[in-house]
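File shown: data_14.pdb. Contents: PDB, C-alpha atoms.
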ATOM      1  CA  MET X   1     110.845 -71.626  63.280
ATOM      2  CA  GLY X   2     110.695 -68.523  61.097
ATOM      3  CA  LYS X   3     113.931 -68.980  59.129
ATOM      4  CA  LEU X   4     113.480 -72.743  58.802
ATOM      5  CA  LYS X   5     109.876 -72.249  57.661
ATOM      6  CA  ASP X   6     110.963 -69.801  54.954
ATOM      7  CA  GLN X   7     113.719 -72.148  53.822
ATOM      8  CA  MET X   8     111.375 -75.139  53.641
ATOM      9  CA  LEU X   9     108.764 -73.114  51.751
ATOM     10  CA  ALA X  10     111.378 -72.084  49.197
ATOM     11  CA  ASP X  11     112.479 -75.728  48.791
ATOM     12  CA  LEU X  12     108.865 -76.842  48.289
ATOM     13  CA  GLN X  13     108.319 -74.196  45.652
ATOM     14  CA  LEU X  14     111.540 -75.094  43.860
ATOM     15  CA  ASN X  15     110.452 -78.742  43.849
ATOM     16  CA  GLY X  16     107.134 -77.823  42.218
ATOM     17  CA  ALA X  17     104.874 -78.648  45.178
ATOM     18  CA  VAL X  18     101.329 -77.355  44.735
ATOM     19  CA  PRO X  19     100.133 -74.640  47.198
ATOM     20  CA  SER X  20      97.994 -77.081  49.201
ATOM     21  CA  THR X  21     100.989 -79.390  49.733
ATOM     22  CA  GLN X  22     103.164 -76.449  50.743
ATOM     23  CA  LYS X  23     100.591 -75.355  53.323
ATOM     24  CA  ASN X  24     100.071 -78.861  54.739
ATOM     25  CA  TYR X  25     103.785 -79.705  54.988
ATOM     26  CA  LEU X  26     104.499 -76.446  56.835
ATOM     27  CA  ARG X  27     101.569 -77.076  59.180
ATOM     28  CA  ILE X  28     102.800 -80.597  59.944
ATOM     29  CA  VAL X  29     106.328 -79.422  60.702
ATOM     30  CA  GLY X  30     104.902 -76.617  62.842
ATOM     31  CA  ASN X  31     102.909 -79.179  64.847
ATOM     32  CA  LEU X  32     106.078 -81.218  65.377
ATOM     33  CA  ALA X  33     107.885 -78.168  66.761
ATOM     34  CA  LYS X  34     104.959 -77.341  69.081
ATOM     35  CA  TYR X  35     104.773 -80.910  70.396
ATOM     36  CA  PHE X  36     108.398 -80.876  71.566
ATOM     37  CA  ASN X  37     108.588 -77.110  72.063
ATOM     38  CA  ARG X  38     111.835 -77.250  70.102
ATOM     39  CA  SER X  39     112.977 -76.516  66.596
ATOM     40  CA  PRO X  40     112.935 -79.546  64.242
ATOM     41  CA  GLU X  41     116.631 -78.829  63.719
ATOM     42  CA  GLU X  42     117.207 -80.089  67.273
ATOM     43  CA  LEU X  43     115.203 -83.310  66.789
ATOM     44  CA  GLY X  44     116.265 -86.680  65.432
ATOM     45  CA  GLU X  45     115.046 -90.185  64.685
ATOM     46  CA  GLY X  46     114.015 -90.920  68.282
ATOM     47  CA  GLU X  47     111.801 -87.858  68.599
ATOM     48  CA  LEU X  48     110.212 -88.475  65.199
ATOM     49  CA  LYS X  49     109.318 -92.049  66.142
ATOM     50  CA  GLU X  50     107.905 -90.853  69.459
ATOM     51  CA  TYR X  51     105.761 -88.291  67.669
ATOM     52  CA  MET X  52     104.524 -90.850  65.125
ATOM     53  CA  LEU X  53     103.462 -93.165  67.956
ATOM     54  CA  TYR X  54     101.595 -90.249  69.549
ATOM     55  CA  LEU X  55      99.764 -89.581  66.286
ATOM     56  CA  MET X  56      98.838 -93.255  65.966
ATOM     57  CA  LYS X  57      97.893 -94.110  69.567
ATOM     58  CA  GLU X  58      96.617 -90.792  70.926
ATOM     59  CA  ARG X  59      95.364 -88.947  67.850
ATOM     60  CA  HIS X  60      94.239 -92.122  66.037
ATOM     61  CA  LEU X  61      95.119 -90.678  62.647
ATOM     62  CA  SER X  62      94.385 -92.750  59.545
ATOM     63  CA  GLU X  63      97.087 -94.501  57.535
ATOM     64  CA  GLY X  64      96.637 -91.983  54.738
ATOM     65  CA  THR X  65      97.148 -89.005  57.045
ATOM     66  CA  LEU X  66     100.153 -90.634  58.699
ATOM     67  CA  ARG X  67     101.735 -91.225  55.306
ATOM     68  CA  PHE X  68     101.364 -87.520  54.603
ATOM     69  CA  TYR X  69     103.132 -86.715  57.903
ATOM     70  CA  VAL X  70     105.999 -89.046  57.019
ATOM     71  CA  ALA X  71     106.309 -87.446  53.581
ATOM     72  CA  ALA X  72     106.531 -83.996  55.179
ATOM     73  CA  PHE X  73     109.218 -85.142  57.628
ATOM     74  CA  LYS X  74     111.257 -86.813  54.897
ATOM     75  CA  PHE X  75     111.127 -83.680  52.774
ATOM     76  CA  LEU X  76     112.195 -81.486  55.693
ATOM     77  CA  TYR X  77     115.143 -83.617  56.791
ATOM     78  CA  ARG X  78     116.302 -84.780  53.365
ATOM     79  CA  THR X  79     115.869 -81.618  51.309
ATOM     80  CA  THR X  80     115.876 -78.660  53.686
ATOM     81  CA  LEU X  81     118.044 -79.812  56.594
ATOM     82  CA  LYS X  82     120.204 -82.265  54.583
ATOM     83  CA  ARG X  83     120.000 -84.817  57.429
ATOM     84  CA  GLU X  84     118.991 -88.019  55.667
ATOM     85  CA  TRP X  85     119.925 -90.158  58.670
ATOM     86  CA  ALA X  86     117.154 -88.642  60.806
ATOM     87  CA  VAL X  87     114.400 -90.124  58.623
ATOM     88  CA  GLU X  88     116.198 -93.099  57.095
ATOM     89  CA  LYS X  89     114.369 -95.553  59.389
ATOM     90  CA  ILE X  90     111.046 -93.684  59.477
ATOM     91  CA  ARG X  91     108.737 -95.910  57.419
ATOM     92  CA  TYR X  92     105.473 -95.131  55.672
ATOM     93  CA  PRO X  93     102.527 -96.911  57.356
ATOM     94  CA  ARG X  94     101.121 -99.704  55.255
ATOM     95  CA  ALA X  95      97.919 -98.563  53.652
ATOM     96  CA  LYS X  96      94.894-100.835  53.886
ATOM     97  CA  ARG X  97      93.963-101.499  50.313
ATOM     98  CA  LYS X  98      90.274-101.496  49.566
ATOM     99  CA  LEU X  99      88.851-102.172  46.142
ATOM    100  CA  PRO X 100      86.754 -99.243  44.909
ATOM    101  CA  VAL X 101      83.070 -99.772  44.203
ATOM    102  CA  VAL X 102      82.805 -99.687  40.414
ATOM    103  CA  LEU X 103      79.386 -99.227  38.831
ATOM    104  CA  ASP X 104      78.624-101.082  35.606
ATOM    105  CA  ILE X 105      77.037 -99.338  32.608
ATOM    106  CA  SER X 106      73.462-100.146  33.616
ATOM    107  CA  GLU X 107      74.081 -98.836  37.145
ATOM    108  CA  VAL X 108      75.599 -95.617  35.811
ATOM    109  CA  GLU X 109      72.599 -95.139  33.500
ATOM    110  CA  SER X 110      70.281 -95.756  36.460
ATOM    111  CA  LEU X 111      72.235 -93.177  38.472
ATOM    112  CA  PHE X 112      71.633 -90.632  35.714
ATOM    113  CA  ALA X 113      67.945 -91.578  35.586
ATOM    114  CA  VAL X 114      67.322 -90.918  39.303
ATOM    115  CA  THR X 115      69.048 -87.531  39.043
ATOM    116  CA  LYS X 116      66.437 -85.017  37.896
ATOM    117  CA  ASN X 117      68.274 -81.755  38.539
ATOM    118  CA  LEU X 118      69.895 -80.533  35.309
ATOM    119  CA  LYS X 119      73.072 -79.282  37.009
ATOM    120  CA  HIS X 120      73.503 -82.393  39.113
ATOM    121  CA  LYS X 121      73.068 -84.648  36.093
ATOM    122  CA  ALA X 122      75.673 -82.629  34.182
ATOM    123  CA  MET X 123      78.093 -83.072  37.093
ATOM    124  CA  LEU X 124      77.542 -86.823  37.144
ATOM    125  CA  MET X 125      77.772 -87.259  33.385
ATOM    126  CA  ILE X 126      81.068 -85.467  32.861
ATOM    127  CA  THR X 127      82.622 -87.104  35.924
ATOM    128  CA  TYR X 128      81.751 -90.653  34.868
ATOM    129  CA  SER X 129      82.051 -90.324  31.086
ATOM    130  CA  SER X 130      85.396 -88.505  31.215
ATOM    131  CA  GLY X 131      86.845 -90.511  34.105
ATOM    132  CA  LEU X 132      87.435 -87.532  36.382
ATOM    133  CA  ARG X 133      88.124 -87.379  40.085
ATOM    134  CA  VAL X 134      85.570 -85.458  42.119
ATOM    135  CA  SER X 135      88.085 -82.696  42.907
ATOM    136  CA  GLU X 136      88.969 -82.399  39.198
ATOM    137  CA  ALA X 137      85.362 -82.118  38.054
ATOM    138  CA  ALA X 138      84.639 -79.496  40.716
ATOM    139  CA  ARG X 139      87.472 -77.297  39.376
ATOM    140  CA  LEU X 140      86.534 -77.406  35.687
ATOM    141  CA  LYS X 141      86.213 -74.098  33.870
ATOM    142  CA  LEU X 142      84.114 -73.401  30.792
ATOM    143  CA  THR X 143      87.328 -73.014  28.797
ATOM    144  CA  ASP X 144      88.330 -76.585  29.733
ATOM    145  CA  ILE X 145      85.543 -77.993  27.535
ATOM    146  CA  ASP X 146      86.928 -78.373  24.011
ATOM    147  CA  SER X 147      83.907 -79.208  21.828
ATOM    148  CA  LYS X 148      85.919 -79.062  18.597
ATOM    149  CA  ARG X 149      88.329 -81.804  19.609
ATOM    150  CA  MET X 150      85.819 -83.449  21.986
ATOM    151  CA  MET X 151      88.283 -83.239  24.867
ATOM    152  CA  VAL X 152      88.220 -82.104  28.500
ATOM    153  CA  ARG X 153      91.283 -80.349  29.901
ATOM    154  CA  ILE X 154      92.097 -81.200  33.537
ATOM    155  CA  THR X 155      94.342 -78.612  35.181
ATOM    156  CA  GLN X 156      96.472 -79.464  38.216
ATOM    157  CA  GLY X 157      95.114 -82.989  38.603
ATOM    158  CA  LYS X 158      96.733 -85.691  40.724
ATOM    159  CA  GLY X 159     100.379 -84.875  41.311
ATOM    160  CA  GLY X 160      99.834 -81.313  40.110
ATOM    161  CA  LYS X 161      99.848 -82.460  36.469
ATOM    162  CA  ASP X 162      97.666 -81.292  33.575
ATOM    163  CA  ARG X 163      96.072 -83.820  31.226
ATOM    164  CA  TYR X 164      93.268 -84.321  28.703
ATOM    165  CA  SER X 165      90.344 -86.726  28.789
ATOM    166  CA  ILE X 166      87.598 -87.629  26.328
ATOM    167  CA  LEU X 167      84.297 -85.760  26.011
ATOM    168  CA  SER X 168      81.322 -87.821  24.819
ATOM    169  CA  GLN X 169      78.729 -86.358  22.471
ATOM    170  CA  THR X 170      75.896 -87.178  24.893
ATOM    171  CA  THR X 171      77.686 -85.379  27.724
ATOM    172  CA  LEU X 172      78.416 -82.365  25.502
ATOM    173  CA  GLU X 173      74.752 -82.055  24.533
ATOM    174  CA  HIS X 174      73.701 -82.216  28.176
ATOM    175  CA  LEU X 175      76.335 -79.637  29.149
ATOM    176  CA  ARG X 176      74.910 -77.302  26.514
ATOM    177  CA  GLN X 177      71.422 -77.712  27.971
ATOM    178  CA  TYR X 178      72.839 -77.031  31.423
ATOM    179  CA  TRP X 179      74.696 -73.919  30.219
ATOM    180  CA  ARG X 180      71.560 -72.478  28.581
ATOM    181  CA  GLU X 181      69.672 -72.925  31.853
ATOM    182  CA  TYR X 182      72.308 -71.834  34.417
ATOM    183  CA  ARG X 183      74.646 -69.591  32.388
ATOM    184  CA  PRO X 184      77.834 -70.170  34.466
ATOM    185  CA  ALA X 185      80.367 -67.382  33.907
ATOM    186  CA  THR X 186      83.803 -68.872  34.640
ATOM    187  CA  TRP X 187      83.610 -72.176  36.500
ATOM    188  CA  LEU X 188      81.599 -74.954  34.879
ATOM    189  CA  PHE X 189      79.863 -75.745  38.174
ATOM    190  CA  GLU X 190      79.688 -72.567  40.210
ATOM    191  CA  GLY X 191      79.100 -72.336  43.953
ATOM    192  CA  GLN X 192      76.500 -70.218  45.687
ATOM    193  CA  LYS X 193      78.632 -67.129  45.158
ATOM    194  CA  ILE X 194      79.016 -66.012  41.562
ATOM    195  CA  MET X 195      82.438 -66.614  39.959
ATOM    196  CA  THR X 196      83.404 -69.188  42.605
ATOM    197  CA  THR X 197      83.765 -72.910  42.040
ATOM    198  CA  LEU X 198      81.615 -75.495  43.808
ATOM    199  CA  PRO X 199      83.581 -76.871  46.823
ATOM    200  CA  HIS X 200      84.626 -80.441  46.027
ATOM    201  CA  VAL X 201      83.505 -81.525  49.519
ATOM    202  CA  ARG X 202      79.918 -80.616  48.633
ATOM    203  CA  TYR X 203      80.443 -82.344  45.301
ATOM    204  CA  SER X 204      81.481 -85.539  47.115
ATOM    205  CA  VAL X 205      78.480 -85.362  49.450
ATOM    206  CA  PHE X 206      76.181 -85.052  46.438
ATOM    207  CA  PHE X 207      77.726 -88.125  44.773
ATOM    208  CA  THR X 208      77.314 -90.182  47.933
ATOM    209  CA  ARG X 209      73.696 -89.082  48.311
ATOM    210  CA  GLN X 210      72.813 -89.983  44.725
ATOM    211  CA  LYS X 211      74.355 -93.442  45.105
ATOM    212  CA  SER X 212      72.267 -93.936  48.247
ATOM    213  CA  VAL X 213      69.125 -92.950  46.338
ATOM    214  CA  LEU X 214      69.977 -95.486  43.636
ATOM    215  CA  ALA X 215      70.658 -98.205  46.210
ATOM    216  CA  SER X 216      67.345 -97.579  48.009
ATOM    217  CA  GLN X 217      65.414 -97.855  44.726
ATOM    218  CA  ASN X 218      67.088-101.155  43.895
ATOM    219  CA  ARG X 219      66.087-102.844  47.141
TER     220      ARG X 219
END

As a first step, turn the structure in this file into structure tokens.
Amino acid sequence: MGKLKDQMLADLQLNGAVPSTQKNYLRIVGNLAKYFNRSPEELGEGELKEYMLYLMKERHLSEGTLRFYVAAFKFLYRTTLKREWAVEKIRYPRAKRKLPVVLDISEVESLFAVTKNLKHKAMLMITYSSGLRVSEAARLKLTDIDSKRMMVRITQGKGGKDRYSILSQTTLEHLRQYWREYRPATWLFEGQKIMTTLPHVRYSVFFTRQKSVLASQNR
């Protein structure tokens, strides 16, 4: 799959796909080739449907993951192989829509109150007050905090797009306290190794834990 892989990678780059998407799409197509022990160029609609059923019934992949597989297949056959017909009837699985749990102002304030660690509170405050995703907050750099314009710059957010969000005065003051205590060099919230960002998986685990602490205190 060497030549096809290189061609697909070039197409992904030309289409502006972020590195993580490039890596995942190539991995998915590689798995398809391994499953049939044939090049994707030799496969069609029937094989793709068979493979999707395998992923659903044998691998028990989630709707979200399956949608990502379908997106990778559609890109390969539409853009790289120019064989639209192969994926024309391959549908995206219907996602189960769940309403997110939204905390009201008093709950957010309580969440801050039960968080004693200065760094952890700074993480919570900028995430909630600026409306950031966990992955976006974890990748913030010191230079993304614009105290003059009271803005936060989010680089490569959802869809690989940059944007700005608001920065509250209370959050800015707390970030300054945090900086004086921890002195981060490049990333706003550094990992255990200097000059590295905090993995957003650990960030997510922390958020979940703090919500559990709040819930237990409210019982």

| Between CA of Pro19 (chain X) and CA of Asp144 (chain X), what is the spacing in Å? | 21.2 Å

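When the PyMOL selection byres ((chain X and resi 4-10) around 7) is evaluated on the file shown here, the picked residues come out as X:Met1, X:Gly2, X:Lys3, X:Asp11, X:Leu12, X:Gln13, X:Leu14, X:Gln22, X:Leu26, X:Leu76, X:Thr80.
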
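What the PyMOL selection byres ((chain X and resi 179) around 12) picks from this file is Leu118, Lys119, Ala122, Met123, Leu142, Ile145, Leu172, Glu173, His174, Leu175, Arg176, Gln177, Tyr178, Arg180, Glu181, Tyr182, Arg183, Pro184, Ala185, Thr186, Trp187, Leu188, Phe189 and Glu190 of chain X.
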
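Separating CA of Arg38 (chain X) from CA of Met52 (chain X) is a distance of 16.2 Å.
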
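For the pair CA of Glu63 (chain X) and CA of Glu45 (chain X), the separation is 19.8 Å.
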
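Omitting region 161-163 of chain X and its sequence neighbours fewer than 2 positions away, and counting only C-alpha atoms, the residues within 12 Å are X:Gly16, X:Ala17, X:Val18, X:Ser130, X:Gly131, X:Leu132, X:Glu136, X:Leu140, X:Asp144, X:Met151, X:Val152, X:Arg153, X:Ile154, X:Thr155, X:Gln156, X:Gly157, X:Lys158, X:Gly159, X:Ser165, X:Ile166.
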
Please put the answer as lines of an AutoDock Vina configuration file: centre and edge lengths, in Å with one decimal, of a box along x, y and z that encloses all listed atoms of region 166-182 of chain X plus 3 Å on each side.
center_x = 78.6
center_y = -79.8
center_z = 28.4
size_x = 23.9
size_y = 22.0
size_z = 17.9

| Nearest to Glu84 (chain X) among X:Ser39, X:Ser106, X:Met56, X:Gly44, with distances taken over all atoms listed in the file: which residue is it? | X:Gly44

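Restricting the calculation to all atoms listed in the file, the smallest distance between Tyr77 (chain X) and any of X:Leu48, X:Met125, X:Leu61, X:Leu111 is found for X:Leu48.
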